[in-house]
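Q: If it helps, the file is called coords21.txt and holds compact mmCIF, C-alpha atoms and all ligand atoms:
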# COMPACT_ATOMS: atom_id res chain seq x y z
CA MET B 150 -3.39 -19.89 38.25
CA ALA B 151 -4.95 -18.14 35.28
CA ASP B 152 -2.62 -16.12 33.05
CA ALA B 153 -3.48 -12.45 33.72
CA ARG B 154 -1.45 -11.15 30.81
CA PRO B 155 -3.27 -9.68 27.81
CA VAL B 156 -4.14 -12.09 25.04
CA VAL B 157 -2.87 -11.11 21.58
CA TRP B 158 -3.72 -12.72 18.26
CA VAL B 159 -1.41 -12.45 15.22
CA SER B 160 -3.36 -13.12 12.03
CA GLN B 161 -0.56 -14.30 9.72
CA PRO B 162 3.01 -15.58 10.00
CA LEU B 163 5.04 -12.33 10.08
CA ILE B 164 8.66 -12.01 11.24
CA ASP B 165 9.35 -14.49 14.08
CA ALA B 166 12.36 -12.57 15.38
CA VAL B 167 10.06 -9.63 16.13
CA ILE B 168 6.90 -11.49 17.17
CA GLU B 169 8.30 -14.25 19.40
CA PRO B 170 9.79 -11.92 22.09
CA LEU B 171 6.21 -10.74 22.71
CA ARG B 172 5.64 -14.00 24.61
CA ALA B 173 7.48 -12.47 27.56
CA GLN B 174 4.73 -9.86 27.94
CA VAL B 175 1.51 -11.26 26.52
CA GLU B 176 -0.26 -14.53 25.96
CA LEU B 177 0.39 -14.93 22.26
CA ILE B 178 -1.77 -16.76 19.73
CA THR B 179 0.09 -17.02 16.43
CA THR B 180 -0.91 -18.38 13.02
CA ASP B 181 1.46 -20.95 11.52
CA ALA B 182 0.42 -20.80 7.87
CA VAL B 183 -0.78 -18.00 5.60
CA THR B 184 -4.56 -18.07 6.04
CA ALA B 185 -7.45 -16.52 4.11
CA TRP B 186 -9.68 -15.77 7.10
CA THR B 187 -13.40 -15.57 6.45
CA GLN B 188 -15.41 -12.73 7.97
CA GLU B 189 -16.91 -15.16 10.49
CA GLN B 190 -13.53 -16.62 11.43
CA LEU B 191 -12.18 -13.13 12.03
CA ALA B 192 -15.08 -12.35 14.36
CA GLU B 193 -14.43 -15.58 16.22
CA ARG B 194 -10.69 -14.88 16.53
CA LEU B 195 -11.25 -11.38 17.91
CA ARG B 196 -13.65 -12.67 20.55
CA GLY B 197 -11.74 -13.05 23.82
CA VAL B 198 -8.53 -11.30 22.81
CA ASP B 199 -7.22 -7.96 24.07
CA GLY B 200 -5.24 -7.07 20.98
CA ALA B 201 -4.53 -8.22 17.45
CA ILE B 202 -1.77 -7.69 14.92
CA ILE B 203 -3.21 -8.02 11.43
CA THR B 204 -2.33 -7.46 7.77
CA LEU B 205 -4.17 -5.78 4.93
CA ASN B 206 -5.78 -9.10 4.04
CA GLU B 207 -7.98 -8.99 7.14
CA ARG B 208 -10.98 -6.67 6.86
CA ILE B 209 -12.29 -5.50 10.22
CA GLY B 210 -15.69 -3.84 10.57
CA ALA B 211 -18.67 -3.74 12.91
CA ALA B 212 -19.55 -7.39 12.27
CA GLN B 213 -16.09 -8.59 13.32
CA LEU B 214 -16.15 -6.38 16.43
CA ALA B 215 -19.63 -7.38 17.59
CA GLY B 216 -18.53 -10.00 20.13
CA ALA B 217 -15.03 -8.62 20.78
CA ASP B 218 -15.77 -7.22 24.22
CA ARG B 219 -12.17 -7.30 25.46
CA LEU B 220 -10.58 -5.95 22.33
CA GLN B 221 -8.50 -2.83 22.96
CA VAL B 222 -6.28 -2.54 19.92
CA ILE B 223 -5.89 -3.56 16.29
CA ALA B 224 -2.33 -3.02 15.06
CA ASN B 225 -2.34 -3.05 11.26
CA VAL B 226 0.92 -4.00 9.54
CA GLY B 227 0.72 -1.56 6.65
CA VAL B 228 0.53 2.17 6.15
CA GLY B 229 -2.72 1.95 4.16
CA TYR B 230 -5.69 0.92 6.30
CA ASN B 231 -8.61 0.74 3.93
CA ASN B 232 -9.13 -2.78 5.37
CA LEU B 233 -10.27 -1.16 8.63
CA ASP B 234 -13.64 0.43 9.27
CA VAL B 235 -12.16 3.15 11.48
CA ASP B 236 -15.55 4.54 12.52
CA ALA B 237 -16.67 1.11 13.71
CA LEU B 238 -13.42 0.60 15.63
CA SER B 239 -13.70 4.02 17.26
CA ALA B 240 -17.33 3.45 18.20
CA ALA B 241 -16.30 0.19 19.86
CA GLY B 242 -13.52 1.98 21.76
CA VAL B 243 -10.87 -0.03 19.91
CA LEU B 244 -7.60 1.76 19.18
CA ALA B 245 -6.13 1.23 15.74
CA SER B 246 -2.66 1.87 14.35
CA ASN B 247 -0.73 1.63 11.08
CA THR B 248 2.95 1.59 10.06
CA PRO B 249 3.88 4.86 8.34
CA ASP B 250 7.41 6.18 7.70
CA VAL B 251 9.33 2.92 8.08
CA LEU B 252 8.29 1.79 4.59
CA THR B 253 8.48 5.11 2.75
CA GLU B 254 11.81 4.76 0.97
CA THR B 255 11.43 1.05 0.19
CA THR B 256 8.04 1.64 -1.41
CA ALA B 257 9.33 4.67 -3.34
CA ASP B 258 12.16 2.45 -4.64
CA LEU B 259 9.62 -0.06 -5.93
CA GLY B 260 7.60 2.69 -7.58
CA PHE B 261 10.66 3.80 -9.44
CA ALA B 262 11.62 0.23 -10.34
CA LEU B 263 8.16 -0.34 -11.87
CA LEU B 264 8.32 2.96 -13.73
CA MET B 265 11.67 2.11 -15.27
CA ALA B 266 10.72 -1.49 -16.02
CA ALA B 267 7.50 -0.43 -17.77
CA ALA B 268 8.89 2.57 -19.67
CA ARG B 269 12.04 0.73 -20.79
CA ARG B 270 10.19 -2.55 -21.44
CA ILE B 271 12.47 -4.57 -19.16
CA THR B 272 10.26 -7.57 -18.42
CA GLU B 273 8.96 -7.68 -22.00
CA SER B 274 12.57 -7.68 -23.25
CA GLU B 275 13.51 -10.47 -20.91
CA ARG B 276 10.59 -12.64 -22.03
CA TRP B 277 11.52 -11.98 -25.68
CA LEU B 278 15.15 -12.97 -25.02
CA ARG B 279 14.18 -16.13 -23.11
CA ASP B 280 11.77 -17.04 -25.91
CA GLY B 281 14.78 -17.19 -28.26
CA GLN B 282 13.69 -14.21 -30.34
CA TRP B 283 16.98 -12.27 -30.29
CA GLY B 284 17.73 -13.55 -33.78
CA GLN B 285 14.83 -11.32 -34.96
CA TRP B 286 16.57 -8.19 -33.63
CA SER B 287 16.20 -4.92 -35.54
CA PHE B 288 17.27 -1.36 -34.82
CA GLN B 289 13.71 -0.72 -33.69
CA THR B 290 13.57 -3.57 -31.19
CA MET B 291 12.14 -2.69 -27.76
CA LEU B 292 12.14 1.08 -28.19
CA GLY B 293 10.87 2.60 -24.98
CA ALA B 294 10.42 5.99 -23.36
CA ASP B 295 13.14 7.99 -21.65
CA ILE B 296 13.02 8.55 -17.92
CA HIS B 297 15.70 11.24 -17.63
CA GLY B 298 14.57 14.67 -18.65
CA SER B 299 10.90 13.65 -18.94
CA THR B 300 7.92 14.90 -16.93
CA LEU B 301 7.03 12.79 -13.91
CA GLY B 302 3.52 13.16 -12.50
CA ILE B 303 2.71 12.10 -8.95
CA LEU B 304 -0.88 11.75 -7.81
CA GLY B 305 -0.98 11.82 -3.99
CA MET B 306 1.90 13.66 -2.35
CA GLY B 307 2.33 12.08 1.07
CA ARG B 308 5.58 10.63 2.31
CA ILE B 309 5.94 8.03 -0.47
CA GLY B 310 5.00 10.54 -3.18
CA GLN B 311 7.68 12.88 -1.87
CA GLY B 312 10.23 10.05 -1.95
CA ILE B 313 9.39 9.42 -5.59
CA ALA B 314 9.58 13.13 -6.39
CA ARG B 315 13.09 13.34 -4.89
CA ARG B 316 14.24 10.36 -6.92
CA GLY B 317 12.84 11.84 -10.12
CA ALA B 318 13.94 15.44 -9.66
CA HIS B 319 17.32 14.92 -8.03
CA GLY B 320 18.30 11.54 -9.47
CA PHE B 321 16.98 11.64 -13.02
CA GLY B 322 16.67 15.33 -13.82
CA MET B 323 12.92 15.03 -14.33
CA ARG B 324 10.42 17.86 -14.24
CA VAL B 325 8.13 16.74 -11.42
CA LEU B 326 4.46 17.72 -11.17
CA TYR B 327 2.10 16.59 -8.44
CA HIS B 328 -1.52 16.80 -7.48
CA ASN B 329 -2.77 16.33 -3.93
CA ARG B 330 -5.80 17.25 -1.82
CA SER B 331 -3.67 19.91 -0.17
CA ARG B 332 -0.74 21.72 -1.63
CA LEU B 333 2.65 21.24 0.05
CA PRO B 334 4.38 24.19 1.74
CA ALA B 335 6.63 26.02 -0.74
CA ALA B 336 9.76 24.93 1.16
CA THR B 337 8.77 21.24 0.84
CA GLU B 338 7.98 21.67 -2.86
CA ALA B 339 11.44 23.15 -3.34
CA GLU B 340 13.14 20.42 -1.31
CA VAL B 341 11.51 17.52 -3.18
CA GLY B 342 11.73 19.36 -6.52
CA ALA B 343 8.02 19.23 -7.42
CA GLN B 344 5.44 21.75 -8.68
CA TYR B 345 1.71 21.61 -7.95
CA ALA B 346 -0.67 21.01 -10.88
CA GLU B 347 -4.43 20.61 -11.23
CA LEU B 348 -5.48 17.02 -11.90
CA ASP B 349 -6.30 17.53 -15.59
CA ALA B 350 -2.97 19.29 -16.21
CA LEU B 351 -1.15 16.49 -14.38
CA LEU B 352 -2.85 13.86 -16.56
CA ALA B 353 -2.17 15.79 -19.77
CA GLN B 354 1.44 16.73 -19.12
CA SER B 355 2.92 13.64 -17.46
CA ASP B 356 5.17 11.36 -19.49
CA HIS B 357 5.02 9.00 -16.51
CA LEU B 358 2.32 9.09 -13.85
CA VAL B 359 2.70 7.37 -10.46
CA LEU B 360 -0.33 6.80 -8.21
CA VAL B 361 0.45 7.05 -4.49
CA LEU B 362 -2.83 8.32 -3.03
CA PRO B 363 -4.97 6.63 -0.35
CA TYR B 364 -7.90 4.50 -1.48
CA THR B 365 -11.18 6.10 -0.38
CA ALA B 366 -14.69 6.46 -1.80
CA ALA B 367 -13.44 9.62 -3.56
CA SER B 368 -10.46 7.87 -5.21
CA HIS B 369 -12.38 4.74 -6.30
CA HIS B 370 -11.81 4.39 -10.09
CA LEU B 371 -10.44 7.93 -10.21
CA ILE B 372 -8.28 6.73 -13.09
CA ASN B 373 -11.11 5.65 -15.39
CA ALA B 374 -11.56 5.75 -19.18
CA SER B 375 -12.06 9.51 -19.20
CA ALA B 376 -8.93 10.19 -17.07
CA LEU B 377 -6.89 7.79 -19.21
CA ALA B 378 -8.08 9.60 -22.35
CA LYS B 379 -6.52 12.79 -21.02
CA MET B 380 -3.08 11.15 -20.79
CA LYS B 381 -0.49 11.09 -23.56
CA PRO B 382 -0.63 7.91 -25.66
CA THR B 383 3.13 7.64 -25.05
CA ALA B 384 2.72 7.78 -21.25
CA THR B 385 3.44 5.20 -18.56
CA LEU B 386 1.09 4.66 -15.61
CA VAL B 387 2.37 3.16 -12.34
CA ASN B 388 0.11 2.11 -9.45
CA ILE B 389 1.69 1.31 -6.08
CA ALA B 390 -1.27 2.56 -4.01
CA ARG B 391 -4.43 0.41 -4.17
CA GLY B 392 -5.92 -1.41 -7.12
CA GLY B 393 -9.37 0.12 -6.75
CA ILE B 394 -8.07 3.56 -7.73
CA VAL B 395 -7.82 2.38 -11.35
CA ASP B 396 -10.61 1.06 -13.55
CA GLU B 397 -8.55 -1.95 -14.65
CA LEU B 398 -10.73 -2.84 -17.63
CA ALA B 399 -10.42 0.72 -18.98
CA LEU B 400 -6.66 0.55 -18.40
CA ALA B 401 -6.33 -2.80 -20.19
CA ASP B 402 -8.34 -1.42 -23.11
CA ALA B 403 -6.16 1.72 -23.35
CA LEU B 404 -2.98 -0.39 -23.23
CA ALA B 405 -4.27 -2.87 -25.79
CA HIS B 406 -5.27 -0.15 -28.27
CA GLY B 407 -2.23 2.14 -28.09
CA ARG B 408 -3.94 4.90 -26.10
CA LEU B 409 -1.36 4.40 -23.32
CA ALA B 410 2.16 3.05 -23.87
CA ALA B 411 2.81 1.02 -20.74
CA ALA B 412 1.85 0.38 -17.14
CA GLY B 413 3.49 -0.98 -14.00
CA LEU B 414 1.13 -2.37 -11.39
CA ASP B 415 1.87 -3.62 -7.88
CA VAL B 416 -1.74 -3.55 -6.64
CA TYR B 417 -5.03 -4.90 -8.05
CA GLU B 418 -8.68 -4.45 -7.32
CA GLY B 419 -9.33 -8.16 -6.69
CA GLU B 420 -6.02 -9.17 -5.10
CA PRO B 421 -4.71 -11.87 -5.24
CA GLN B 422 -6.65 -12.27 -8.50
CA VAL B 423 -5.33 -10.37 -11.53
CA ARG B 424 -7.67 -9.73 -14.43
CA PRO B 425 -7.02 -11.89 -17.51
CA GLU B 426 -7.27 -8.72 -19.61
CA LEU B 427 -4.12 -7.44 -17.86
CA LEU B 428 -2.31 -10.78 -17.84
CA ALA B 429 -2.72 -10.99 -21.62
CA LEU B 430 -0.89 -7.73 -22.31
CA ARG B 431 2.83 -7.47 -23.09
CA ASN B 432 3.08 -3.78 -22.16
CA VAL B 433 2.25 -4.06 -18.47
CA VAL B 434 4.67 -5.04 -15.72
CA LEU B 435 2.90 -6.89 -12.92
CA THR B 436 4.24 -7.44 -9.38
CA PRO B 437 2.35 -9.06 -6.47
CA HIS B 438 1.99 -6.16 -3.98
CA ILE B 439 5.66 -6.08 -2.98
CA GLY B 440 5.99 -2.31 -2.38
CA SER B 441 7.30 -2.65 1.17
CA ALA B 442 8.89 -6.07 0.68
CA SER B 443 12.48 -5.72 1.78
CA LEU B 444 13.55 -7.70 4.82
CA GLY B 445 14.68 -4.64 6.77
CA THR B 446 11.46 -2.75 6.08
CA ARG B 447 9.16 -5.65 6.83
CA LYS B 448 10.96 -6.16 10.17
CA ALA B 449 10.56 -2.45 10.94
CA MET B 450 6.85 -2.58 10.04
CA VAL B 451 6.20 -5.51 12.37
CA GLN B 452 8.24 -3.85 15.14
CA LEU B 453 6.19 -0.68 14.79
CA ALA B 454 2.95 -2.69 14.95
CA VAL B 455 4.24 -4.41 18.12
CA ASP B 456 5.20 -1.05 19.67
CA ASN B 457 1.73 0.31 18.94
CA LEU B 458 0.06 -2.78 20.35
CA LEU B 459 2.07 -2.79 23.59
CA ALA B 460 1.55 0.92 24.14
CA ALA B 461 -2.20 0.54 23.64
CA LEU B 462 -2.33 -2.38 26.05
CA GLY B 463 -0.42 -0.38 28.61
CA VAL B 464 2.20 -3.09 28.83
CA ALA B 465 5.06 -0.81 27.90
CA GLY B 466 4.09 2.09 30.13
CA GLU B 467 1.13 4.36 30.35
CA ALA B 468 -1.54 3.71 27.75
CA PRO B 469 -1.93 4.81 25.11
CA ARG B 470 1.30 6.44 23.91
CA MET B 471 1.11 4.77 20.56
CA PRO B 472 3.73 5.78 17.99
CA SER B 473 1.23 5.77 15.12
CA ALA B 474 -2.36 5.63 16.30
CA ILE B 475 -5.11 6.24 13.73
CA ASN B 476 -8.10 6.95 15.96
CA ALA B 477 -6.84 7.58 19.51
CA ASP B 478 -9.09 10.56 20.30
CA ALA B 479 -12.28 9.02 18.93
CA ALA B 480 -11.70 5.58 20.46
CA LEU B 481 -10.83 6.96 23.89
CA ALA B 482 -13.83 9.31 23.79
CA ALA B 483 -16.09 6.35 23.03
CA ARG B 484 -14.59 4.42 25.95
CA ALA B 485 -15.11 7.34 28.29
CA ALA B 486 -18.69 7.83 27.09
CA SER B 487 -19.55 4.17 27.64
CA GLY B 488 -17.76 4.10 31.01
CA ASP B 489 -16.03 0.93 29.88
CA GLU B 490 -13.31 0.70 32.52
CA SER B 491 -12.42 -2.82 31.44
CA LYS B 492 -10.56 -1.35 28.48
CA LYS B 493 -8.50 1.00 30.62
CA ARG B 494 -5.43 -0.75 31.89
C1 LIG T 1 1.48 -4.00 2.85
C2 LIG T 1 0.99 -1.79 1.87
O1 LIG T 1 1.48 -3.60 4.16
O2 LIG T 1 1.66 -0.61 3.78
C3 LIG T 1 0.81 -0.74 2.89
O3 LIG T 1 -0.19 0.00 2.83
O4 LIG T 1 0.27 -1.85 0.93
C4 LIG T 1 2.05 -2.85 2.03
O5 LIG T 1 3.20 -2.36 2.63
C5 LIG T 1 2.25 -5.25 2.77
O6 LIG T 1 2.13 -5.69 1.48
C6 LIG T 1 1.74 -6.31 3.74
O7 LIG T 1 0.37 -6.60 3.55
Please express what this file holds, its structure, as structure tokens.
A:
Amino acid sequence: MADARPVVWVSQPLIDAVIEPLRAQVELITTDAVTAWTQEQLAERLRGVDGAIITLNERIGAAQLAGADRLQVIANVGVGYNNLDVDALSAAGVLASNTPDVLTETTADLGFALLMAAARRITESERWLRDGQWGQWSFQTMLGADIHGSTLGILGMGRIGQGIARRGAHGFGMRVLYHNRSRLPAATEAEVGAQYAELDALLAQSDHLVLVLPYTAASHHLINASALAKMKPTATLVNIARGGIVDELALADALAHGRLAAAGLDVYEGEPQVRPELLALRNVVLTPHIGSASLGTRKAMVQLAVDNLLAALGVAGEAPRMPSAINADAALAARAASGDESKKR
């Protein structure tokens, strides 16, 4: 007898302890090795499945959805979803979800770690020590910038930005400024210890600037040569959001010529490629997109993606009570308009 359970594809090896129990409820197609799926392969994989759990490495747009007639849900393992064409998903009646909240504090921790490592020259110092250069020590060796008592700028003040503000204001006695599309309520500003600033003032006044804003057409290369020129030459820039927010060549040039003191980067425009201009610099700390990479948080992210997927498929009750849907109204409206009952379980 044919298996009537929904078919679910998981695009990468994730956390087995969370994924494997799904077999009790769905027909599961897993991926054994980390795979760089081509656009065509993605389209082929989505054909004939009811749901998919994917990572930021898989870009889903109209072309991938074209033959995916059964597809009801894409559960993205990540809070950022610039890999999804949400309009195309909605138009196809496909629900999409992300994994907010569960990764907030872990990612804020990494932002702070990068800030401290870059400002206090931690990785540069370690390389110098391992290279046997300690014998060359002088009183001026590895002078960095203070964190405590300095001005911390935060660009993008969502959940992760607020976590960084709390760490700076309450943990390190920093003056915290932020800029965001919308200003926070006064009570939230007071609780996180941050004051609103216009973008130019934020750039000019920050001793350390952390980028935590979503990547959109409006934020593409927002931190370009002209924005960098407004920053203090003694400042540190940290990017834990998306690589495309920074013009990396302009950043490398500013770092190489003393117009910016240091940078800490967890994200890159051409991931997993890192520009040689950045790799060549001693005053930039580079990590491979590990913002949410603690075991507990990664488990929680996968669990949230599973919960979203099952809710959307109606397996765990009435569809679609998804904990973190991105496009529920638009996708369900498109289903209703097309009269596509096959997607209503
Ligand atoms: C990734 C992230 O999800 O959540 C995001 O937006 O950038 C990360 O947490 C993680 O690196 C897996 O791709």
Q: Mind listing the residues within 6 Å of ligand LIG 1 (chain T), all atoms listed in the file counted, as a list of chain:residue names?
A: B:Thr204, B:Leu205, B:Val226, B:Gly227, B:Val228, B:Gly229, B:His438, B:Ile439, B:Gly440, B:Ser441
Q: Counting all atoms listed in the file, which residue out of B:Ala294, B:Leu462, B:Ala266, B:Leu371 sits closest to Pro155 in chain B?
A: B:Leu462
Q: Hey, can you check how far CA of Gln452 in chain B sits from CA of Ser473 in chain B?
A: 11.9 Å
Q: Go ahead and find all residues with at least one atom no further than 12 Å from (8.1, 13.0, -1.9) in the file's coordinates, using all atoms listed in the file; report them as a ChimeraX atom specification.
A: /B:250,253-254,256-258,260,302-319,325-329,333,337-344,359,361-362
Q: Of the candidates B:Ala403, B:Leu398, B:Ala486, B:Leu409, which one gets nearest to Glu426 in chain B if we count all atoms listed in the file?
A: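 When distances to Glu426 in chain B are compared using all atoms listed in the file, the smallest one comes from B:Leu398.
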Q: Could you check which of B:Ile394, B:Asp489, B:Thr255, B:Gly445 is closest to Asp218 in chain B, using all atoms listed in the file?
A: B:Asp489
Q: Give me the residues within 12 Å of Asp478 in chain B as an mmCIF file with C-alpha atoms, in the coordinates of the input, counting all atoms listed in the file and dropping any in the same chain fewer than 4 places off.
A:
data_model
loop_
_atom_site.group_PDB
_atom_site.id
_atom_site.type_symbol
_atom_site.label_atom_id
_atom_site.label_comp_id
_atom_site.auth_asym_id
_atom_site.auth_seq_id
_atom_site.Cartn_x
_atom_site.Cartn_y
_atom_site.Cartn_z
ATOM 1 C CA VAL B 235 -12.160 3.150 11.480
ATOM 2 C CA ASP B 236 -15.550 4.540 12.520
ATOM 3 C CA LEU B 238 -13.420 0.600 15.630
ATOM 4 C CA SER B 239 -13.700 4.020 17.260
ATOM 5 C CA ALA B 240 -17.330 3.450 18.200
ATOM 6 C CA GLY B 242 -13.520 1.980 21.760
ATOM 7 C CA VAL B 243 -10.870 -0.030 19.910
ATOM 8 C CA LEU B 244 -7.600 1.760 19.180
ATOM 9 C CA ALA B 245 -6.130 1.230 15.740
ATOM 10 C CA PRO B 469 -1.930 4.810 25.110
ATOM 11 C CA ARG B 470 1.300 6.440 23.910
ATOM 12 C CA MET B 471 1.110 4.770 20.560
ATOM 13 C CA ALA B 474 -2.360 5.630 16.300
ATOM 14 C CA ALA B 482 -13.830 9.310 23.790
ATOM 15 C CA ALA B 483 -16.090 6.350 23.030
ATOM 16 C CA ARG B 484 -14.590 4.420 25.950
ATOM 17 C CA ALA B 485 -15.110 7.340 28.290
#
Q: Is there a way to get, as a tab-separated table (two decimals) with C-alpha atoms, in the coordinates of the input, all residues within 8 Å of the point (-9.6, -1.4, -6.4) in file coordinates, counting only C-alpha atoms?
A:
chain	number	residue	atom	x	y	z
B	364	TYR	CA	-7.90	4.50	-1.48
B	369	HIS	CA	-12.38	4.74	-6.30
B	370	HIS	CA	-11.81	4.39	-10.09
B	391	ARG	CA	-4.43	0.41	-4.17
B	392	GLY	CA	-5.92	-1.41	-7.12
B	393	GLY	CA	-9.37	0.12	-6.75
B	394	ILE	CA	-8.07	3.56	-7.73
B	395	VAL	CA	-7.82	2.38	-11.35
B	396	ASP	CA	-10.61	1.06	-13.55
B	417	TYR	CA	-5.03	-4.90	-8.05
B	418	GLU	CA	-8.68	-4.45	-7.32
B	419	GLY	CA	-9.33	-8.16	-6.69
Q: What is the distance, in Å and to one decimal place, between CA of Leu195 in chain B and CA of Arg172 in chain B?
A: 18.4 Å
